[in-house]
Every structure is written in C-alpha cells, then in structure tokens.
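One file, target.pdb, is given below (PDB, C-alpha atoms).
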ATOM      1  CA  MET A 919      95.513 108.114 102.231  1.00  0.00           C
ATOM      2  CA  SER A 920      94.128 109.605 105.429  1.00  0.00           C
ATOM      3  CA  GLY A 921      91.460 107.584 107.129  1.00  0.00           C
ATOM      4  CA  TYR A 922      90.271 105.587 110.081  1.00  0.00           C
ATOM      5  CA  ALA A 923      91.103 102.054 111.207  1.00  0.00           C
ATOM      6  CA  GLY A 924      90.143  99.881 114.135  1.00  0.00           C
ATOM      7  CA  GLY A 925      86.415 100.481 114.347  1.00  0.00           C
ATOM      8  CA  ALA A 926      83.236  99.829 112.414  1.00  0.00           C
ATOM      9  CA  ALA A 927      82.312 101.270 109.019  1.00  0.00           C
ATOM     10  CA  ASP A 928      79.325 103.204 110.386  1.00  0.00           C
ATOM     11  CA  THR A 929      81.544 105.218 112.760  1.00  0.00           C
ATOM     12  CA  ALA A 930      84.288 105.967 110.231  1.00  0.00           C
ATOM     13  CA  ASN A 931      83.798 109.721 110.034  1.00  0.00           C
ATOM     14  CA  TYR A 932      85.673 112.599 111.612  1.00  0.00           C
ATOM     15  CA  ASP A 933      82.944 113.733 113.998  1.00  0.00           C
ATOM     16  CA  ALA A 934      82.404 110.240 115.411  1.00  0.00           C
ATOM     17  CA  VAL A 935      86.099 109.303 115.557  1.00  0.00           C
ATOM     18  CA  SER A 936      86.911 112.592 117.326  1.00  0.00           C
ATOM     19  CA  THR A 937      84.873 111.461 120.325  1.00  0.00           C
ATOM     20  CA  GLY A 938      87.398 108.700 121.027  1.00  0.00           C
ATOM     21  CA  ASP A 939      84.579 106.198 121.505  1.00  0.00           C
ATOM     22  CA  THR A 940      84.592 104.411 118.130  1.00  0.00           C
ATOM     23  CA  GLY A 941      87.633 102.151 118.445  1.00  0.00           C
ATOM     24  CA  HIS A 942      89.129 103.859 115.402  1.00  0.00           C
ATOM     25  CA  ALA A 943      92.573 105.383 115.233  1.00  0.00           C
ATOM     26  CA  GLU A 944      93.175 108.270 112.878  1.00  0.00           C
ATOM     27  CA  SER A 945      95.287 106.421 110.328  1.00  0.00           C
ATOM     28  CA  VAL A 946      97.202 106.636 107.114  1.00  0.00           C
ATOM     29  CA  ARG A 947      97.142 103.872 104.533  1.00  0.00           C
ATOM     30  CA  ILE A 948     100.541 103.695 102.882  1.00  0.00           C
ATOM     31  CA  THR A 949     100.754 102.241  99.404  1.00  0.00           C
ATOM     32  CA  TYR A 950     104.336 101.631  98.365  1.00  0.00           C
ATOM     33  CA  ASP A 951     106.513  99.782  95.898  1.00  0.00           C
ATOM     34  CA  PRO A 952     108.732  97.343  97.848  1.00  0.00           C
ATOM     35  CA  THR A 953     111.354  97.582  95.091  1.00  0.00           C
ATOM     36  CA  GLN A 954     111.680 101.276  95.952  1.00  0.00           C
ATOM     37  CA  ILE A 955     111.362 101.207  99.759  1.00  0.00           C
ATOM     38  CA  SER A 956     111.072  98.364 102.222  1.00  0.00           C
ATOM     39  CA  PHE A 957     108.586  97.893 105.029  1.00  0.00           C
ATOM     40  CA  GLY A 958     111.565  98.088 107.398  1.00  0.00           C
ATOM     41  CA  GLN A 959     112.531 101.499 106.004  1.00  0.00           C
ATOM     42  CA  LEU A 960     108.953 102.684 106.499  1.00  0.00           C
ATOM     43  CA  LEU A 961     109.183 101.548 110.135  1.00  0.00           C
ATOM     44  CA  ARG A 962     112.439 103.498 110.568  1.00  0.00           C
ATOM     45  CA  ILE A 963     110.717 106.623 109.303  1.00  0.00           C
ATOM     46  CA  TYR A 964     107.657 106.022 111.465  1.00  0.00           C
ATOM     47  CA  PHE A 965     109.640 105.609 114.672  1.00  0.00           C
ATOM     48  CA  SER A 966     112.164 108.372 114.023  1.00  0.00           C
ATOM     49  CA  VAL A 967     110.060 111.048 112.332  1.00  0.00           C
ATOM     50  CA  VAL A 968     106.319 110.434 112.501  1.00  0.00           C
ATOM     51  CA  THR A 969     105.469 109.608 116.096  1.00  0.00           C
ATOM     52  CA  ASP A 970     106.756 109.524 119.635  1.00  0.00           C
ATOM     53  CA  PRO A 971     106.125 105.832 120.288  1.00  0.00           C
ATOM     54  CA  THR A 972     106.275 106.353 124.053  1.00  0.00           C
ATOM     55  CA  GLU A 973     103.176 108.546 124.206  1.00  0.00           C
ATOM     56  CA  LEU A 974     100.072 106.560 125.095  1.00  0.00           C
ATOM     57  CA  ASP A 975      96.930 107.703 123.268  1.00  0.00           C
ATOM     58  CA  ARG A 976      98.583 110.933 122.264  1.00  0.00           C
ATOM     59  CA  GLN A 977      99.847 112.688 119.157  1.00  0.00           C
ATOM     60  CA  GLY A 978     101.434 116.050 119.785  1.00  0.00           C
ATOM     61  CA  PRO A 979      98.829 118.241 121.473  1.00  0.00           C
ATOM     62  CA  ASP A 980      95.975 115.780 120.842  1.00  0.00           C
ATOM     63  CA  SER A 981      94.974 113.037 123.238  1.00  0.00           C
ATOM     64  CA  GLY A 982      92.508 110.156 123.159  1.00  0.00           C
ATOM     65  CA  SER A 983      92.480 106.585 121.915  1.00  0.00           C
ATOM     66  CA  GLN A 984      91.955 107.832 118.353  1.00  0.00           C
ATOM     67  CA  TYR A 985      95.520 109.228 118.511  1.00  0.00           C
ATOM     68  CA  ARG A 986      97.182 106.001 119.644  1.00  0.00           C
ATOM     69  CA  SER A 987     100.396 104.880 118.053  1.00  0.00           C
ATOM     70  CA  ALA A 988      99.468 101.754 116.137  1.00  0.00           C
ATOM     71  CA  ILE A 989     100.658  99.798 113.160  1.00  0.00           C
ATOM     72  CA  PHE A 990      98.054  97.785 111.281  1.00  0.00           C
ATOM     73  CA  PRO A 991     100.118  95.187 109.393  1.00  0.00           C
ATOM     74  CA  ARG A 992      98.617  93.857 106.189  1.00  0.00           C
ATOM     75  CA  ASP A 993      99.822  90.304 106.826  1.00  0.00           C
ATOM     76  CA  ASP A 994     101.684  88.040 109.262  1.00  0.00           C
ATOM     77  CA  ALA A 995     105.065  88.884 107.731  1.00  0.00           C
ATOM     78  CA  GLN A 996     104.567  92.617 108.329  1.00  0.00           C
ATOM     79  CA  LYS A 997     103.414  91.915 111.889  1.00  0.00           C
ATOM     80  CA  ARG A 998     106.522  89.830 112.600  1.00  0.00           C
ATOM     81  CA  ILE A 999     108.768  92.553 111.158  1.00  0.00           C
ATOM     82  CA  ALA A1000     107.028  95.332 113.106  1.00  0.00           C
ATOM     83  CA  ASP A1001     107.056  93.362 116.371  1.00  0.00           C
ATOM     84  CA  ALA A1002     110.741  92.505 115.913  1.00  0.00           C
ATOM     85  CA  TYR A1003     111.574  96.143 115.164  1.00  0.00           C
ATOM     86  CA  ILE A1004     109.755  97.330 118.289  1.00  0.00           C
ATOM     87  CA  ALA A1005     111.541  94.655 120.349  1.00  0.00           C
ATOM     88  CA  GLN A1006     114.874  95.749 118.905  1.00  0.00           C
ATOM     89  CA  LEU A1007     114.220  99.424 119.738  1.00  0.00           C
ATOM     90  CA  SER A1008     113.037  98.465 123.226  1.00  0.00           C
ATOM     91  CA  GLY A1009     116.034  96.222 123.865  1.00  0.00           C
ATOM     92  CA  ALA A1010     118.420  98.941 122.738  1.00  0.00           C
ATOM     93  CA  LYS A1011     116.623 101.440 124.988  1.00  0.00           C
ATOM     94  CA  VAL A1012     116.463 103.922 122.118  1.00  0.00           C
ATOM     95  CA  PHE A1013     113.734 105.850 123.931  1.00  0.00           C
ATOM     96  CA  ASP A1014     113.720 107.085 127.536  1.00  0.00           C
ATOM     97  CA  ALA A1015     110.319 105.503 128.203  1.00  0.00           C
ATOM     98  CA  PRO A1016     108.700 102.209 127.149  1.00  0.00           C
ATOM     99  CA  ILE A1017     107.368 101.979 123.598  1.00  0.00           C
ATOM    100  CA  VAL A1018     103.565 101.799 123.636  1.00  0.00           C
ATOM    101  CA  THR A1019     103.069 101.431 119.880  1.00  0.00           C
ATOM    102  CA  ARG A1020     100.768  98.491 119.177  1.00  0.00           C
ATOM    103  CA  THR A1021     100.669  96.157 116.233  1.00  0.00           C
ATOM    104  CA  ASP A1022      96.983  95.471 115.839  1.00  0.00           C
ATOM    105  CA  PRO A1023      95.322  93.042 113.436  1.00  0.00           C
ATOM    106  CA  ALA A1024      94.613  94.710 110.141  1.00  0.00           C
ATOM    107  CA  PRO A1025      91.056  95.993 110.480  1.00  0.00           C
ATOM    108  CA  GLY A1026      89.065  97.601 107.773  1.00  0.00           C
ATOM    109  CA  PHE A1027      90.478 100.893 106.582  1.00  0.00           C
ATOM    110  CA  TYR A1028      88.003 103.640 105.788  1.00  0.00           C
ATOM    111  CA  PRO A1029      89.167 106.693 103.841  1.00  0.00           C
ATOM    112  CA  ALA A1030      88.646 110.013 105.573  1.00  0.00           C
ATOM    113  CA  GLU A1031      86.516 112.719 104.055  1.00  0.00           C
ATOM    114  CA  GLU A1032      87.930 114.336 100.915  1.00  0.00           C
ATOM    115  CA  HIS A1033      88.867 117.602 102.657  1.00  0.00           C
ATOM    116  CA  HIS A1034      91.200 115.611 104.956  1.00  0.00           C
ATOM    117  CA  GLN A1035      93.179 114.169 102.022  1.00  0.00           C
ATOM    118  CA  ASP A1036      96.405 116.010 101.138  1.00  0.00           C
ATOM    119  CA  PHE A1037      95.643 118.387 104.022  1.00  0.00           C
ATOM    120  CA  LEU A1038      99.253 119.384 104.691  1.00  0.00           C
ATOM    121  CA  ASN A1039      99.868 120.147 101.040  1.00  0.00           C
ATOM    122  CA  SER A1040      96.664 122.188 100.747  1.00  0.00           C
ATOM    123  CA  ASN A1041      97.036 123.962 104.117  1.00  0.00           C
ATOM    124  CA  PRO A1042     100.751 124.405 104.913  1.00  0.00           C
ATOM    125  CA  HIS A1043     100.075 127.522 107.004  1.00  0.00           C
ATOM    126  CA  TYR A1044      97.238 126.034 109.049  1.00  0.00           C
ATOM    127  CA  PRO A1045      98.502 126.425 112.640  1.00  0.00           C
ATOM    128  CA  TYR A1046      98.351 122.717 113.552  1.00  0.00           C
ATOM    129  CA  ILE A1047     100.224 121.809 110.369  1.00  0.00           C
ATOM    130  CA  ALA A1048     102.826 124.564 110.754  1.00  0.00           C
ATOM    131  CA  ILE A1049     103.524 123.727 114.392  1.00  0.00           C
ATOM    132  CA  ASN A1050     103.257 119.921 114.402  1.00  0.00           C
ATOM    133  CA  ASP A1051     103.668 118.526 110.907  1.00  0.00           C
ATOM    134  CA  ILE A1052     106.013 120.780 108.929  1.00  0.00           C
ATOM    135  CA  PRO A1053     108.816 120.034 111.438  1.00  0.00           C
ATOM    136  CA  LYS A1054     108.262 116.316 110.791  1.00  0.00           C
ATOM    137  CA  VAL A1055     108.595 116.875 107.051  1.00  0.00           C
ATOM    138  CA  GLU A1056     111.811 118.807 107.673  1.00  0.00           C
ATOM    139  CA  ASN A1057     113.109 115.947 109.850  1.00  0.00           C
ATOM    140  CA  LEU A1058     112.251 113.494 107.099  1.00  0.00           C
ATOM    141  CA  ARG A1059     114.253 115.578 104.630  1.00  0.00           C
ATOM    142  CA  ARG A1060     117.189 115.855 107.060  1.00  0.00           C
ATOM    143  CA  LEU A1061     117.284 112.252 108.341  1.00  0.00           C
ATOM    144  CA  PHE A1062     116.376 110.429 105.138  1.00  0.00           C
ATOM    145  CA  PRO A1063     117.552 112.603 102.236  1.00  0.00           C
ATOM    146  CA  ASP A1064     117.735 109.612  99.877  1.00  0.00           C
ATOM    147  CA  LEU A1065     114.095 108.722 100.592  1.00  0.00           C
ATOM    148  CA  TYR A1066     112.709 112.259 100.692  1.00  0.00           C
ATOM    149  CA  ARG A1067     110.760 113.438  97.696  1.00  0.00           C
ATOM    150  CA  GLU A1068     110.341 117.187  97.163  1.00  0.00           C
ATOM    151  CA  GLN A1069     107.032 116.757  95.348  1.00  0.00           C
ATOM    152  CA  PRO A1070     104.694 114.464  97.289  1.00  0.00           C
ATOM    153  CA  VAL A1071     102.407 111.987  95.633  1.00  0.00           C
ATOM    154  CA  LEU A1072      98.994 113.484  96.304  1.00  0.00           C
ATOM    155  CA  VAL A1073      96.075 111.251  97.154  1.00  0.00           C
ATOM    156  CA  LEU A1074      93.377 113.189  95.349  1.00  0.00           C
ATOM    157  CA  SER A1075      95.311 113.596  92.118  1.00  0.00           C
ATOM    158  CA  SER A1076      96.400 109.933  92.081  1.00  0.00           C
ATOM    159  CA  SER A1077      92.962 108.523  92.866  1.00  0.00           C
ATOM    160  CA  ARG A1078      91.143 110.281  90.069  1.00  0.00           C
TER     161      ARG A1078
END
Could you write out this structure as structure tokens?
Amino acid sequence: MSGYAGGAADTANYDAVSTGDTGHAESVRITYDPTQISFGQLLRIYFSVVTDPTELDRQGPDSGSQYRSAIFPRDDAQKRIADAYIAQLSGAKVFDAPIVTRTDPAPGFYPAEEHHQDFLNSNPHYPYIAINDIPKVENLRRLFPDLYREQPVLVLSSSR
C-alpha cells in the first residue's frame, strides 16, 4: 500500500509531503506471508531492485527528505535483520559509495490517497512510471524469477 511514514497524521497527504517539510517519507507498506517469502528476501529485492541505497534523500529524478531510503521495521527482530543486512552489504563493499539507507523506528503509516494506490498498474505509460519504475519491474522479473508474479496483488481490489 502506498503511503507516508515518519511524520504526523495531519501532514500525511501528497501536497504536504511533497514540500519535504513534514518528516514523512513516501513509503510502501508491505504485507506478506513469511511462509512464502522472508523478510531477508524482501531486503534483497529492496537493495538490488527498488532503490539505490547510496543516494541521500533521492529517488531517481526526485530529491528531498521525502525520498530518503528508509526501512521502517515493524519490530526489534526486523530492525536487527535490516541493520545486519546493511552492515553485510557495507562490509562487502557491494556499492561504490556508502549506504545511506536508514532503519528508523516504526512510525505511524498513513495510506496515500486512493489515486496513488496501484498507480503503476493503472498508469503503465505515465512517463515517470515508464522511465523509472517499469525497468525496476523488469529487473525484478530477471533477478528474482521465482519470486516474480505476473499478476500483481492490487491494493484497491484486495482492500474492498
């Protein structure tokens, strides 16, 4: 589910978050079945497909604190796993620059407006999606064929 995390409830809307002054990060809440995929596998996908963890306050062409690379663990176990994974990647010098991804305490998560949910699926030809996100989906398919699902689970259809 697309949303906002890291700030207060009254600033959890696209216009406010876009200013970069709310403390929120544009976020995705991932609901998963740990018998189907582990938290560690989700971290592998995040660091190899989703984000460049060396970019500070940046996501592709967008910049500002709302685009920071952050993981909001749900509990201490997830935080330990995420911190250990980042340390392992850093120690192995997997990236040419230091990893700036943060593991922040799990703040409130506030769902984004309905038109932001399932945006890629509803707007595959939208220029931002075509240029920045479709290549990530293709990399997911290529790098993790056993985890890739041709038909995504859509937020709006599953929440109704």
Open item on the list: Which residues are close to range 989-993 of chain A, i.e. within 8 Å by all atoms listed in the file, leaving aside same-chain residues fewer than 5 positions away? Reply as number ranges by chain.
Closed with: A: 1000, 1019-1025
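With CA of Glu1031 in chain A on one side and CA of Ala930 in chain A on the other, the separation reads 9.4 Å.
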Task: Two-atom distance - CA of Ile955 in chain A, CA of Gly978 in chain A (Å) - done: 26.8 Å
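For the file at hand, the PyMOL selection byres ((chain A and resi 1003) around 12) resolves to A:Phe957, A:Gly958, A:Gln959, A:Leu960, A:Leu961, A:Arg962, A:Tyr964, A:Phe965, A:Ile989, A:Gln996, A:Lys997, A:Arg998, A:Ile999, A:Ala1000, A:Asp1001, A:Ala1002, A:Ile1004, A:Ala1005, A:Gln1006, A:Leu1007, A:Ser1008, A:Gly1009, A:Ala1010, A:Val1012, A:Ile1017, A:Thr1019, A:Arg1020, A:Thr1021.
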Hey, what comes out of the PyMOL selection byres ((chain A and resi 1068) around 12) on this file? Could you write it as a CSV table (one decimal) with C-alpha atoms, in the coordinates of the input?
chain,number,residue,atom,x,y,z
A,1039,ASN,CA,99.9,120.1,101.0
A,1055,VAL,CA,108.6,116.9,107.1
A,1056,GLU,CA,111.8,118.8,107.7
A,1058,LEU,CA,112.3,113.5,107.1
A,1059,ARG,CA,114.3,115.6,104.6
A,1063,PRO,CA,117.6,112.6,102.2
A,1064,ASP,CA,117.7,109.6,99.9
A,1065,LEU,CA,114.1,108.7,100.6
A,1066,TYR,CA,112.7,112.3,100.7
A,1067,ARG,CA,110.8,113.4,97.7
A,1069,GLN,CA,107.0,116.8,95.3
A,1070,PRO,CA,104.7,114.5,97.3
A,1071,VAL,CA,102.4,112.0,95.6
A,1072,LEU,CA,99.0,113.5,96.3
- [ ] Would you mind listing what lies within 10 Å of His1034 in chain A as JSON, numbers by chain, with all atoms listed in the file counted and same-chain residues fewer than 5 positions away left out?
- [x] {"A": [919, 920, 921, 932, 1029, 1040]}
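Take CA of Ala943 in chain A and CA of Gly924 in chain A: the distance between them is 6.1 Å.
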